[in-house]
>>> print(open('structure.cif').read())   # mmCIF, C-alpha atoms
data_start
loop_
_atom_site.label_atom_id
_atom_site.label_comp_id
_atom_site.auth_asym_id
_atom_site.auth_seq_id
_atom_site.Cartn_x
_atom_site.Cartn_y
_atom_site.Cartn_z
CA MET A 252 95.66 108.28 129.22
CA ARG A 253 94.41 106.67 126.07
CA LEU A 254 96.19 103.84 124.27
CA LYS A 255 97.49 106.20 121.59
CA GLU A 256 99.09 108.50 124.16
CA LYS A 257 100.54 105.58 126.09
CA ILE A 258 102.16 104.15 122.97
CA GLU A 259 103.46 107.53 121.91
CA ALA A 260 104.88 108.08 125.39
CA GLY A 261 106.72 104.77 125.09
CA ARG A 262 104.88 102.95 127.86
CA PHE A 263 104.89 99.14 127.77
CA ILE A 264 101.40 98.10 126.66
CA VAL A 265 99.27 95.20 127.88
CA CYS A 266 96.25 94.36 125.72
CA GLY A 267 93.55 91.79 126.31
CA GLU A 268 91.06 90.20 123.99
CA ILE A 269 87.40 89.32 124.29
CA THR A 270 85.39 87.25 121.83
CA PRO A 271 81.82 88.62 121.87
CA PRO A 272 79.09 86.06 122.65
CA GLN A 273 76.81 84.35 120.13
CA SER A 274 73.94 86.11 121.79
CA CYS A 275 72.13 89.44 121.97
CA ASN A 276 72.72 89.59 125.71
CA GLY A 277 75.31 92.28 126.36
CA ASN A 278 75.59 91.24 130.00
CA ILE A 279 77.60 88.17 129.01
CA LEU A 280 80.20 90.59 127.70
CA ARG A 281 79.96 92.90 130.74
CA GLU A 282 80.53 89.89 133.01
CA LYS A 283 83.92 89.23 131.40
CA LEU A 284 85.13 92.78 131.87
CA LYS A 285 86.13 92.26 135.49
CA TYR A 286 89.03 90.14 134.31
CA PHE A 287 90.44 93.03 132.30
CA ARG A 288 89.44 96.24 134.10
CA ASP A 289 92.48 96.84 136.26
CA TYR A 290 94.90 94.68 134.34
CA THR A 291 95.00 95.79 130.71
CA ASP A 292 95.45 99.07 128.84
CA ALA A 293 92.97 98.16 126.13
CA VAL A 294 90.90 95.16 125.08
CA ASN A 295 90.51 93.80 121.55
CA ILE A 296 87.02 93.01 120.34
CA THR A 297 87.04 90.37 117.63
CA ASP A 298 84.90 90.78 114.53
CA ASN A 299 83.07 87.50 113.84
CA GLN A 300 86.23 85.53 114.45
CA ARG A 301 86.60 82.22 112.56
CA ALA A 302 83.61 83.34 110.44
CA ILE A 303 81.08 82.56 113.18
CA VAL A 304 78.26 85.07 113.75
CA ARG A 305 78.67 86.91 117.04
CA LEU A 306 77.64 90.18 118.65
CA SER A 307 79.00 92.88 116.34
CA SER A 308 82.36 94.36 117.15
CA ILE A 309 81.07 97.95 117.03
CA ALA A 310 78.26 97.24 119.50
CA SER A 311 80.62 95.29 121.77
CA ALA A 312 83.21 98.07 121.65
CA LYS A 313 80.51 100.58 122.62
CA ILE A 314 79.53 98.41 125.59
CA LEU A 315 83.17 98.42 126.69
CA LEU A 316 83.41 102.19 126.33
CA ASP A 317 80.29 102.65 128.46
CA GLU A 318 81.84 100.44 131.11
CA GLY A 319 84.98 102.57 131.10
CA ILE A 320 87.32 100.16 129.31
CA GLU A 321 89.18 101.18 126.19
CA PRO A 322 88.33 98.92 123.25
CA ILE A 323 90.38 98.08 120.16
CA MET A 324 87.77 97.36 117.54
CA GLN A 325 88.71 94.76 114.97
CA MET A 326 87.41 95.38 111.48
CA THR A 327 87.57 92.70 108.79
CA CYS A 328 87.13 92.86 105.03
CA ARG A 329 85.32 89.53 104.75
CA ASP A 330 81.82 90.85 105.38
CA ARG A 331 81.87 94.38 104.06
CA ASN A 332 82.56 96.16 100.82
CA ARG A 333 84.17 99.60 100.75
CA LEU A 334 80.87 101.38 101.31
CA ALA A 335 79.97 99.39 104.41
CA ILE A 336 83.49 99.61 105.81
CA GLN A 337 83.60 103.40 105.57
CA SER A 338 80.11 103.78 106.94
CA ASP A 339 80.87 101.43 109.85
CA LEU A 340 84.09 103.29 110.57
CA LEU A 341 82.27 106.62 110.66
CA GLY A 342 79.69 105.07 112.95
CA ALA A 343 82.40 103.77 115.25
CA ALA A 344 84.11 107.17 115.35
CA ALA A 345 80.79 108.84 116.18
CA LEU A 346 80.43 106.47 119.15
CA GLY A 347 83.91 107.37 120.35
CA ILE A 348 85.63 104.18 119.24
CA LYS A 349 89.04 105.29 117.98
CA ASN A 350 91.30 102.25 118.17
CA LEU A 351 91.05 100.16 115.08
CA LEU A 352 92.67 96.87 114.13
CA CYS A 353 92.49 96.25 110.39
CA LEU A 354 92.31 92.61 109.30
CA THR A 355 91.53 90.72 106.12
CA GLY A 356 89.42 88.25 108.08
CA ASP A 357 89.22 84.48 108.26
CA HIS A 358 87.82 82.85 105.14
CA GLN A 359 84.13 81.91 105.51
CA ILE A 360 84.96 78.26 104.83
CA PHE A 361 86.23 77.92 108.42
CA GLY A 362 82.95 79.06 109.94
CA ASP A 363 79.58 77.43 110.49
CA GLN A 364 78.14 78.98 107.33
CA PRO A 365 80.68 78.16 104.62
CA GLU A 366 78.03 78.84 101.97
CA ALA A 367 78.32 82.58 102.57
CA LYS A 368 79.75 84.98 100.02
CA GLY A 369 83.10 86.39 101.06
CA VAL A 370 83.41 90.02 100.08
CA PHE A 371 87.13 90.88 100.31
CA ASP A 372 86.62 94.12 98.38
CA LEU A 373 89.67 95.52 100.19
CA ASP A 374 92.53 93.65 101.83
CA SER A 375 94.00 94.47 105.21
CA THR A 376 96.77 96.71 103.84
CA GLN A 377 94.29 98.65 101.74
CA LEU A 378 92.00 98.92 104.77
CA VAL A 379 94.85 100.45 106.78
CA ALA A 380 95.48 102.90 103.95
CA ALA A 381 91.76 103.70 103.62
CA ALA A 382 91.46 104.42 107.36
CA ALA A 383 94.55 106.62 107.13
CA ARG A 384 92.96 108.58 104.27
CA MET A 385 89.81 108.99 106.38
CA ASN A 386 92.03 110.33 109.16
CA SER A 387 93.29 112.98 106.78
CA GLY A 388 89.70 113.94 106.03
CA PHE A 389 88.83 112.08 102.85
CA LEU A 390 86.46 109.29 101.98
CA LEU A 391 87.46 106.90 99.20
CA SER A 392 85.16 108.78 96.83
CA GLY A 393 87.32 111.87 97.28
CA PHE A 394 84.63 113.58 99.39
CA GLU A 395 86.21 115.86 101.95
CA MET A 396 84.79 115.56 105.45
CA LYS A 397 84.55 118.57 107.73
CA GLN A 398 85.53 116.58 110.78
CA LYS A 399 88.30 114.01 110.83
CA PRO A 400 87.62 110.71 112.59
CA GLU A 401 91.08 110.49 114.23
CA PHE A 402 91.46 106.73 114.32
CA PHE A 403 94.41 105.09 115.95
CA ILE A 404 95.13 102.49 113.31
CA GLY A 405 96.65 99.09 113.86
CA ALA A 406 97.16 95.93 111.87
CA ALA A 407 98.13 92.31 112.41
CA ALA A 408 101.26 90.42 111.46
CA ASN A 409 102.03 86.72 111.38
CA PRO A 410 105.76 86.06 111.79
CA PHE A 411 105.28 82.30 111.72
CA ALA A 412 103.76 81.57 108.32
CA GLU A 413 105.87 80.97 105.24
CA PRO A 414 107.65 82.53 103.42
CA PHE A 415 109.49 84.31 106.20
CA GLU A 416 110.67 87.33 104.22
CA MET A 417 107.25 87.94 102.66
CA ARG A 418 105.93 88.47 106.20
CA LEU A 419 108.40 91.31 106.64
CA ILE A 420 107.37 92.83 103.33
CA ASN A 421 103.76 92.69 104.54
CA LEU A 422 104.76 94.37 107.79
CA TYR A 423 106.64 97.04 105.86
CA LYS A 424 103.63 97.71 103.64
CA LYS A 425 101.25 97.98 106.58
CA ALA A 426 103.57 100.34 108.45
CA GLU A 427 103.99 102.48 105.34
CA ALA A 428 100.24 102.52 104.75
CA GLY A 429 99.73 104.05 108.19
CA ALA A 430 99.53 101.32 110.84
CA ARG A 431 100.71 102.86 114.12
CA PHE A 432 100.67 99.57 116.01
CA ILE A 433 100.99 95.92 115.06
CA GLN A 434 99.63 92.94 116.96
CA THR A 435 101.23 89.60 116.12
CA GLN A 436 99.82 86.10 116.03
CA PRO A 437 100.36 84.14 119.27
CA VAL A 438 104.00 83.26 119.92
CA PHE A 439 104.72 79.59 120.57
CA ASP A 440 108.12 79.58 118.92
CA ILE A 441 110.55 82.04 120.43
CA GLU A 442 113.32 81.26 117.95
CA THR A 443 111.33 82.26 114.83
CA PHE A 444 109.79 85.21 116.61
CA SER A 445 113.08 86.73 117.72
CA ARG A 446 114.54 86.20 114.26
CA TRP A 447 111.58 88.02 112.74
CA MET A 448 111.78 90.81 115.29
CA GLU A 449 115.49 91.21 114.68
CA ARG A 450 114.91 91.58 110.93
CA ALA A 451 112.04 94.03 111.52
CA ALA A 452 114.33 96.13 113.70
CA GLU A 453 117.05 96.02 111.05
CA MET A 454 114.52 97.41 108.59
CA GLY A 455 113.71 100.19 111.06
CA LEU A 456 110.08 99.09 111.30
CA HIS A 457 110.04 99.10 115.11
CA LYS A 458 110.40 102.88 114.93
CA LYS A 459 107.58 103.34 112.45
CA THR A 460 105.08 101.17 114.27
CA ALA A 461 104.71 99.78 117.79
CA ILE A 462 105.00 96.00 117.65
CA ILE A 463 102.94 94.17 120.26
CA ALA A 464 103.58 90.45 120.72
CA GLY A 465 100.65 88.04 120.92
CA ILE A 466 100.53 85.60 123.83
CA MET A 467 97.88 82.91 124.05
CA PRO A 468 97.39 81.03 127.33
CA VAL A 469 96.22 77.44 126.76
CA HIS A 470 94.76 75.15 129.37
CA SER A 471 95.33 71.72 127.84
CA ALA A 472 97.55 69.81 125.45
CA LYS A 473 94.43 68.99 123.46
CA THR A 474 93.75 72.63 122.65
CA LEU A 475 97.32 73.25 121.63
CA ASN A 476 97.37 70.11 119.48
CA MET A 477 94.15 71.15 117.82
CA MET A 478 95.58 74.56 117.11
CA LYS A 479 98.67 73.05 115.60
CA GLU A 480 96.59 70.92 113.25
CA LYS A 481 93.54 73.06 112.57
CA VAL A 482 94.75 76.65 112.59
CA PRO A 483 96.80 77.31 109.45
CA GLY A 484 99.84 79.53 109.72
CA MET A 485 100.69 78.68 113.34
CA LYS A 486 104.06 77.44 114.46
CA ILE A 487 103.95 75.61 117.77
CA ASN A 488 106.99 74.23 119.49
CA ASP A 489 106.39 70.56 120.43
CA GLU A 490 108.08 71.19 123.75
CA TYR A 491 104.98 73.04 125.01
CA ILE A 492 102.64 70.23 123.97
CA CYS A 493 104.89 67.72 125.78
CA ARG A 494 104.96 69.84 128.91
CA LEU A 495 101.18 70.22 128.97
CA ASN A 496 100.80 66.48 128.42
CA LYS A 497 103.08 65.57 131.29
CA ALA A 498 101.81 68.16 133.76
CA GLN A 499 99.60 67.02 136.61
CA ASP A 500 97.69 70.26 136.47
CA PRO A 501 97.70 71.38 132.83
CA LYS A 502 96.02 74.69 133.69
CA GLU A 503 98.83 75.64 136.03
CA GLU A 504 101.38 74.56 133.44
CA GLY A 505 99.54 76.66 130.86
CA VAL A 506 99.92 79.73 133.06
CA LYS A 507 103.59 78.90 133.57
CA ILE A 508 104.17 78.65 129.83
CA ALA A 509 102.39 81.96 129.18
CA VAL A 510 104.46 83.71 131.86
CA GLU A 511 107.63 82.20 130.43
CA LEU A 512 106.74 83.37 126.92
CA ILE A 513 105.99 86.88 128.19
CA ASN A 514 109.35 87.03 129.92
CA ALA A 515 111.15 85.79 126.83
CA VAL A 516 109.40 88.23 124.52
CA LYS A 517 109.36 91.43 126.55
CA ASN A 518 113.08 92.10 126.37
CA LEU A 519 113.42 91.64 122.61
CA LYS A 520 114.48 94.78 120.81
CA GLY A 521 111.50 96.69 119.47
CA ILE A 522 108.76 94.94 121.42
CA ARG A 523 106.45 97.60 122.79
CA GLY A 524 103.87 95.51 124.58
CA ILE A 525 102.07 92.22 124.82
CA HIS A 526 98.64 91.20 123.64
CA LEU A 527 96.98 88.46 125.68
CA MET A 528 94.43 86.35 123.82
CA PRO A 529 92.82 84.00 126.27
CA VAL A 530 90.25 82.52 123.86
CA MET A 531 87.29 81.31 125.96
CA TRP A 532 89.50 81.45 129.06
CA GLU A 533 89.24 85.12 129.96
CA SER A 534 89.29 84.42 133.71
CA ILE A 535 93.01 83.59 133.57
CA THR A 536 94.08 87.10 132.49
CA PRO A 537 94.52 88.56 136.02
CA VAL A 538 96.55 85.53 137.12
CA ILE A 539 98.97 85.77 134.22
CA ILE A 540 99.39 89.51 134.47
CA THR A 541 100.01 89.36 138.22
CA GLU A 542 102.42 86.44 138.00
CA SER A 543 104.46 87.88 135.15
CA LYS A 544 104.56 91.31 136.88
CA ILE A 545 104.21 92.78 133.40
CA LYS A 546 102.27 95.82 134.66
CA GLU A 547 105.32 97.01 136.57
CA PHE A 548 107.63 96.34 133.65
CA ASN A 549 109.12 99.46 132.16
CA LYS A 550 111.23 99.26 129.08
CA ILE A 551 113.82 101.84 128.16
CA GLU A 552 115.18 101.72 124.64
CA MET B 235 96.09 111.94 97.53
CA ILE B 236 93.26 109.42 97.24
CA GLU B 237 94.11 108.52 93.66
CA ASP B 238 97.05 106.34 94.54
CA LEU B 239 94.78 104.09 96.61
CA VAL B 240 91.56 103.95 94.63
CA THR B 241 90.30 104.83 91.15
CA ILE B 242 88.02 107.84 91.22
CA ASN B 243 86.45 110.04 88.56
CA LYS B 244 87.38 107.69 85.75
CA PRO B 245 84.52 107.26 83.26
CA VAL B 246 83.32 103.71 82.72
CA LEU B 247 83.57 102.19 79.29
CA GLY B 248 81.28 103.72 76.67
CA ALA B 249 78.99 101.58 74.49
CA ARG B 250 81.29 101.63 71.47
CA GLU B 251 84.34 100.95 73.53
CA ARG B 252 82.64 97.93 75.07
CA ILE B 253 82.57 96.24 71.67
CA LEU B 254 86.29 96.91 71.15
CA SER B 255 86.99 95.74 74.68
CA ARG B 256 85.08 92.52 74.08
CA PHE B 257 87.10 91.79 70.96
CA LEU B 258 90.40 92.50 72.67
CA LEU B 259 89.32 90.49 75.70
CA LEU B 260 88.81 87.48 73.45
CA LEU B 261 92.42 87.77 72.27
CA GLU B 262 93.63 88.38 75.80
CA ASP B 263 91.74 85.36 77.13
CA ILE B 264 93.27 83.06 74.54
CA ILE B 265 96.71 84.01 75.81
CA LYS B 266 96.26 84.78 79.48
CA VAL B 267 93.74 82.19 80.62
CA PRO B 268 95.77 79.10 79.70
CA LEU B 269 99.12 80.68 80.60
CA PHE B 270 98.33 82.43 83.86
CA ARG B 271 94.88 81.12 84.83
CA CYS B 272 93.78 84.73 84.35
CA GLN B 273 90.62 85.61 86.28
CA ARG B 274 89.78 88.52 83.95
CA CYS B 275 89.77 91.26 86.59
CA GLY B 276 90.53 93.89 83.94
CA GLU B 277 93.09 95.54 86.19
CA CYS B 278 96.04 93.34 85.41
CA ILE B 279 98.91 93.32 87.93
CA LEU B 280 100.67 90.25 86.49
CA SER B 281 103.87 92.22 85.96
CA SER B 282 104.03 93.13 89.66
CA THR B 283 103.37 89.59 90.80
CA ALA B 284 106.10 87.87 88.79
CA PHE B 285 103.55 86.75 86.17
CA ILE B 286 101.42 84.65 88.52
CA CYS B 287 97.80 85.77 88.71
CA SER B 288 97.13 86.88 92.29
CA GLN B 289 93.39 86.74 91.64
CA ASN B 290 93.50 82.96 92.01
CA CYS B 291 93.76 83.53 95.77
CA PRO B 292 90.43 82.61 97.44
CA LYS B 293 90.46 86.03 99.10
CA ARG B 294 91.62 87.71 95.88
CA LEU B 295 94.37 89.49 97.80
CA ARG B 296 96.37 92.00 95.81
CA ASN B 297 98.89 93.05 98.45
CA GLY B 298 100.51 89.89 99.76
CA PRO B 299 99.51 86.67 101.50
CA CYS B 300 97.06 86.39 104.37
CA GLY B 301 98.27 84.98 107.69
CA GLY B 302 97.04 81.48 106.97
CA THR B 303 99.65 80.02 104.63
CA ARG B 304 100.20 76.44 105.75
CA LYS B 305 103.47 74.59 106.19
CA ASN B 306 105.38 74.25 102.92
CA GLY B 307 103.27 76.98 101.39
CA TYR B 308 99.82 75.43 100.98
CA CYS B 309 96.63 77.49 100.89
CA GLU B 310 94.52 77.63 104.06
CA VAL B 311 91.26 77.34 102.14
CA TYR B 312 92.26 74.64 99.65
CA PRO B 313 94.98 72.59 101.38
CA GLU B 314 95.82 70.72 98.17
CA ARG B 315 96.74 73.95 96.37
CA LYS B 316 99.87 76.05 96.77
CA CYS B 317 99.35 79.54 98.15
CA VAL B 318 99.40 81.96 95.23
CA TRP B 319 101.50 84.46 97.14
CA TYR B 320 103.97 81.79 98.19
CA LYS B 321 104.57 81.13 94.49
CA ILE B 322 104.73 84.84 93.73
CA TYR B 323 107.38 85.34 96.40
CA TYR B 324 109.69 82.61 95.09
CA ARG B 325 109.18 83.53 91.44
CA SER B 326 109.89 87.21 92.23
CA LYS B 327 113.07 86.17 93.95
CA LEU B 328 114.06 84.05 90.98
CA LEU B 329 113.33 86.79 88.46
CA ASN B 330 114.86 89.57 90.60
CA ARG B 331 111.59 91.44 90.87
CA MET B 332 111.40 91.72 94.67
CA SER B 333 111.35 95.51 94.83
CA ILE B 334 107.89 95.64 93.18
CA LEU B 335 106.41 93.58 96.02
CA TYR B 336 106.95 96.53 98.35
CA ASN B 337 104.49 98.77 96.47
CA LEU B 338 100.94 99.16 97.69
CA LYS B 339 98.45 97.93 95.10
CA LYS B 340 95.31 99.96 94.49
CA ILE B 341 91.85 98.89 95.60
CA HIS B 342 90.31 96.98 92.70
CA ASN B 343 87.98 98.84 90.35
CA TRP B 344 85.11 96.41 89.86
CA ASN B 345 83.84 98.39 86.89
CA LEU B 346 86.72 96.92 84.94
CA GLU B 347 85.78 93.31 85.69
CA LYS B 348 85.69 91.30 82.43
CA THR B 349 87.07 94.11 80.28
CA SER B 350 90.32 94.08 78.35
CA ALA B 351 93.26 95.04 80.57
CA TRP B 352 95.30 95.89 77.45
CA LEU B 353 92.73 98.43 76.37
CA ASN B 354 92.56 99.75 79.93
CA VAL B 355 96.31 100.33 79.95
CA PHE B 356 96.10 102.04 76.57
CA ARG B 357 93.27 104.29 77.78
CA LYS B 358 95.24 105.03 81.01
CA ARG B 359 92.52 103.58 83.22
CA ILE B 360 95.05 101.35 84.97
CA GLU B 361 98.76 101.49 85.66
CA PRO B 362 101.04 100.30 82.84
CA PRO B 363 102.95 97.06 83.38
CA VAL B 364 106.52 97.06 84.68
CA TRP B 365 108.53 95.08 82.15
CA PHE B 366 112.08 95.37 83.42
CA VAL B 367 113.46 95.92 86.89
CA HIS B 368 117.04 97.13 87.09
CA ASN B 369 119.21 96.81 90.17
CA ASP B 370 116.51 95.02 92.11
CA LYS B 371 118.70 94.25 95.12
CA ASN B 372 119.82 97.86 95.48
CA LYS B 373 116.26 99.09 95.20
CA VAL B 374 115.17 96.77 98.01
CA LYS B 375 118.10 97.92 100.11
CA GLU B 376 117.18 101.54 99.55
CA LEU B 377 113.56 100.87 100.46
CA ILE B 378 114.24 99.16 103.75
CA SER B 379 117.29 100.94 105.05
CA HIS B 380 116.43 104.60 104.67
CA GLU B 381 115.76 105.07 108.35
CA ALA B 382 117.26 102.08 110.06
#
>>> encode(input="structure.cif", output="C-alpha cells")
Amino acid sequence: MRLKEKIEAGRFIVCGEITPPQSCNGNILREKLKYFRDYTDAVNITDNQRAIVRLSSIASAKILLDEGIEPIMQMTCRDRNRLAIQSDLLGAAALGIKNLLCLTGDHQIFGDQPEAKGVFDLDSTQLVAAAARMNSGFLLSGFEMKQKPEFFIGAAANPFAEPFEMRLINLYKKAEAGARFIQTQPVFDIETFSRWMERAAEMGLHKKTAIIAGIMPVHSAKTLNMMKEKVPGMKINDEYICRLNKAQDPKEEGVKIAVELINAVKNLKGIRGIHLMPVMWESITPVIITESKIKEFNKIE
Amino acid sequence: MIEDLVTINKPVLGARERILSRFLLLLEDIIKVPLFRCQRCGECILSSTAFICSQNCPKRLRNGPCGGTRKNGYCEVYPERKCVWYKIYYRSKLLNRMSILYNLKKIHNWNLEKTSAWLNVFRKRIEPPVWFVHNDKNKVKELISHEA
C-alpha cells in the first residue's frame, strides 16, 4: 500500500526523514536506509535544508524508490522559479515520485552561501495550488497535459510561531489549496500544540487534510539549546533542556523524551500520524519506533 | 481554472501605455513609497494586507508568514525588524479585515514589476482593491465553520 492509500484508509502513519549528504556518493544515502526500511511508511527527503548544497531531493528520492522505500520529496521555492518547479515536478512524476511536500524554503542567509539570490517566485501555498492544478492536467501556462502526474500533495505547518491564529489561517489556506497531508514542525511544547490542534479540529481542518505531528529526537542539551537560540520559530519547553542536562546518559534521556512526546501527541484529536526527524541521528529511528510501539498503534476516530 | 492562481494570456504593456504608466507610477511612488514602503511590484495587494506592504518580506511572501517568525514577532532574516506578516495580522484584526486573509493570493506577474498598479487596476490586469469589509466576524465564521 502506498502512503496515499494508507492515509485514505485511515491508518496511523509513521514518517522518517533523511538529509541527503553533501556528496555525490549515493551509497551514503543507501547506508542510512536500513534504519527506516521496516519501521516507517515513508521517508522525507529534504531539499537543500538550511540553504546548504546537498544531493538533490529528486535524485535522492529516486535512490529511495529503487531501494524499495517510499519517498516524500520536499520541494522548495527558494531555488526555482515557476518554470523550473513545474519541470522538476514533471521529472519527479516521470521517475515515479508521487509524494510531494511543498515548502517555501529556508532563506539563503542561513546557509553557507548567503550571497546567493533567493528566487521565491511562488510561496508554499501557491506551490500547493500549482501542484494541484498540475494534478488536474494543467500547467501554469494553461497548457493541457495528456497525462496527469497524480501527485499526493502535502505541506508544512508551524503551530509554534507567532501569531497563533495566523498559523491556523495558513493551515486553512494550504488545505483549501489542495494539501492532502500536513507535517508540522517538531513538537517540544505539548500545551501549544494541543491548543493548535484543538482549534484546527474546530475549524474542521483535520477532515480536509491529514495532520502529521513532527517529533525530533535530540541527543544532548547542547543541541536543544542551540535549536532554541538559532532556529527561529521554535518553541522549546525548558523542562526538556533541564532533563537532558541532568541525565547521566543524555542519549537515553533523548529517546525517553521522544517516546513521551509521541505518546502525548498520538491521542490528540485529528492527529493522523507522526513524522520523525532525527537530524544527523538516523540510527535512533528503530529504537524510538520500537520503544513507543507506534507501529502497532491503531487509532479509531 | 488556472486564472485564479496565475495571470495568463494578458498582453504586456504597449509602448504608448508604458509612458502613461511611467507618469502614473511617479504619482503613485510619491504617495505609496513614503507611506507604505511600497516596493513597486505593480500588482498591489495593500488592501488585502491591511495597508502594510507584504513585499517588504525578505521572501516576498504574498500568502502569509513563513514558519520562522521569532518570539515577539521579529523577522528570521533581519532580527531587528518586525515580521511584515505579524504586523499585517494585528492591523487586520484592528481594522476588522481578517476575512480577506483567508483568500489565496495569485502568483505574482513579474511583467508588471515597476508599472503603475492604479493603471493596472483600471485596465483590469490585476484585481481591484477591497475598500470596505462588512460583517468581517461573520464572514470568518462562515469560512471556517462550513464543515466542522
>>> residues_around(input="structure.cif", residues="B:Gly307", least_positions_apart="3", cutoff="8 Å", atoms="all atoms listed in the file", output="PyMOL selection string")
(chain A and resi 413-414) or (chain B and resi 303-304+316-317+320)
>>> resolve_selection(input="structure.cif", expression="the PyMOL selection byres ((chain B) within 8 of (chain A))", output="VMD selection string")
chain B and resid 236 239 to 240 242 293 to 307 310 to 311 320 323 335 to 342 378 to 379 381 to 382
>>> write_last_selection(input="structure.cif", atoms="C-alpha atoms", output="PDB file, keeping the file's coordinate frame")
ATOM      1  CA  ILE B 236      93.260 109.420  97.240  1.00  0.00           C
ATOM      2  CA  LEU B 239      94.780 104.090  96.610  1.00  0.00           C
ATOM      3  CA  VAL B 240      91.560 103.950  94.630  1.00  0.00           C
ATOM      4  CA  ILE B 242      88.020 107.840  91.220  1.00  0.00           C
ATOM      5  CA  LYS B 293      90.460  86.030  99.100  1.00  0.00           C
ATOM      6  CA  ARG B 294      91.620  87.710  95.880  1.00  0.00           C
ATOM      7  CA  LEU B 295      94.370  89.490  97.800  1.00  0.00           C
ATOM      8  CA  ARG B 296      96.370  92.000  95.810  1.00  0.00           C
ATOM      9  CA  ASN B 297      98.890  93.050  98.450  1.00  0.00           C
ATOM     10  CA  GLY B 298     100.510  89.890  99.760  1.00  0.00           C
ATOM     11  CA  PRO B 299      99.510  86.670 101.500  1.00  0.00           C
ATOM     12  CA  CYS B 300      97.060  86.390 104.370  1.00  0.00           C
ATOM     13  CA  GLY B 301      98.270  84.980 107.690  1.00  0.00           C
ATOM     14  CA  GLY B 302      97.040  81.480 106.970  1.00  0.00           C
ATOM     15  CA  THR B 303      99.650  80.020 104.630  1.00  0.00           C
ATOM     16  CA  ARG B 304     100.200  76.440 105.750  1.00  0.00           C
ATOM     17  CA  LYS B 305     103.470  74.590 106.190  1.00  0.00           C
ATOM     18  CA  ASN B 306     105.380  74.250 102.920  1.00  0.00           C
ATOM     19  CA  GLY B 307     103.270  76.980 101.390  1.00  0.00           C
ATOM     20  CA  GLU B 310      94.520  77.630 104.060  1.00  0.00           C
ATOM     21  CA  VAL B 311      91.260  77.340 102.140  1.00  0.00           C
ATOM     22  CA  TYR B 320     103.970  81.790  98.190  1.00  0.00           C
ATOM     23  CA  TYR B 323     107.380  85.340  96.400  1.00  0.00           C
ATOM     24  CA  LEU B 335     106.410  93.580  96.020  1.00  0.00           C
ATOM     25  CA  TYR B 336     106.950  96.530  98.350  1.00  0.00           C
ATOM     26  CA  ASN B 337     104.490  98.770  96.470  1.00  0.00           C
ATOM     27  CA  LEU B 338     100.940  99.160  97.690  1.00  0.00           C
ATOM     28  CA  LYS B 339      98.450  97.930  95.100  1.00  0.00           C
ATOM     29  CA  LYS B 340      95.310  99.960  94.490  1.00  0.00           C
ATOM     30  CA  ILE B 341      91.850  98.890  95.600  1.00  0.00           C
ATOM     31  CA  HIS B 342      90.310  96.980  92.700  1.00  0.00           C
ATOM     32  CA  ILE B 378     114.240  99.160 103.750  1.00  0.00           C
ATOM     33  CA  SER B 379     117.290 100.940 105.050  1.00  0.00           C
ATOM     34  CA  GLU B 381     115.760 105.070 108.350  1.00  0.00           C
ATOM     35  CA  ALA B 382     117.260 102.080 110.060  1.00  0.00           C
TER      36      ALA B 382
END
>>> atom_distance(input="structure.cif", atom1="atom CA of A:Tyr286", atom2="atom CA of A:Phe548")
19.6 Å
>>> resolve_selection(input="structure.cif", expression="the PyMOL selection byres ((chain A and resi 530) around 9)", output="JSON, numbers by chain")
{"A": [268, 269, 270, 467, 468, 469, 528, 529, 531, 532, 533]}
>>> atom_distance(input="structure.cif", atom1="atom CA of A:Pro272", atom2="atom CA of A:Lys368")
22.7 Å
>>> resolve_selection(input="structure.cif", expression="the PyMOL selection byres ((chain A and resi 539) around 10)", output="PyMOL selection string")
chain A and resi 290+468+505-510+513+527+534-538+540-545
>>> residues_near_point(input="structure.cif", point="(84.1, 102.5, 109.8)", cutoff="12 Å", atoms="all atoms listed in the file", output="PyMOL selection string")
chain A and resi 308-309+324-328+331-353+378-379+381-383+385-386+390-391+400-402+404
>>> residues_near_point(input="structure.cif", point="(91.9, 98.9, 80.1)", cutoff="12 Å", atoms="all atoms listed in the file", output="ChimeraX atom specification")
/B:244-247,251-252,254-256,258-259,262,274-279,343,345-363
>>> closest_residue(input="structure.cif", among="A:Ile314, A:Val438, A:Ala260, A:Ile433", to="A:Lys283", atoms="only C-alpha atoms")
A:Ile314
>>> residues_around(input="structure.cif", residues="A:Asn496", least_positions_apart="5", cutoff="9 Å", atoms="all atoms listed in the file", output="number ranges by chain")
A: 471-473, 491, 501
>>> atom_distance(input="structure.cif", atom1="atom CA of A:Glu490", atom2="atom CA of A:Val516")
17.1 Å
>>> closest_residue(input="structure.cif", among="A:Arg253, A:Glu366, A:Arg301, A:Lys546", to="A:Leu316", atoms="only C-alpha atoms")
A:Arg253
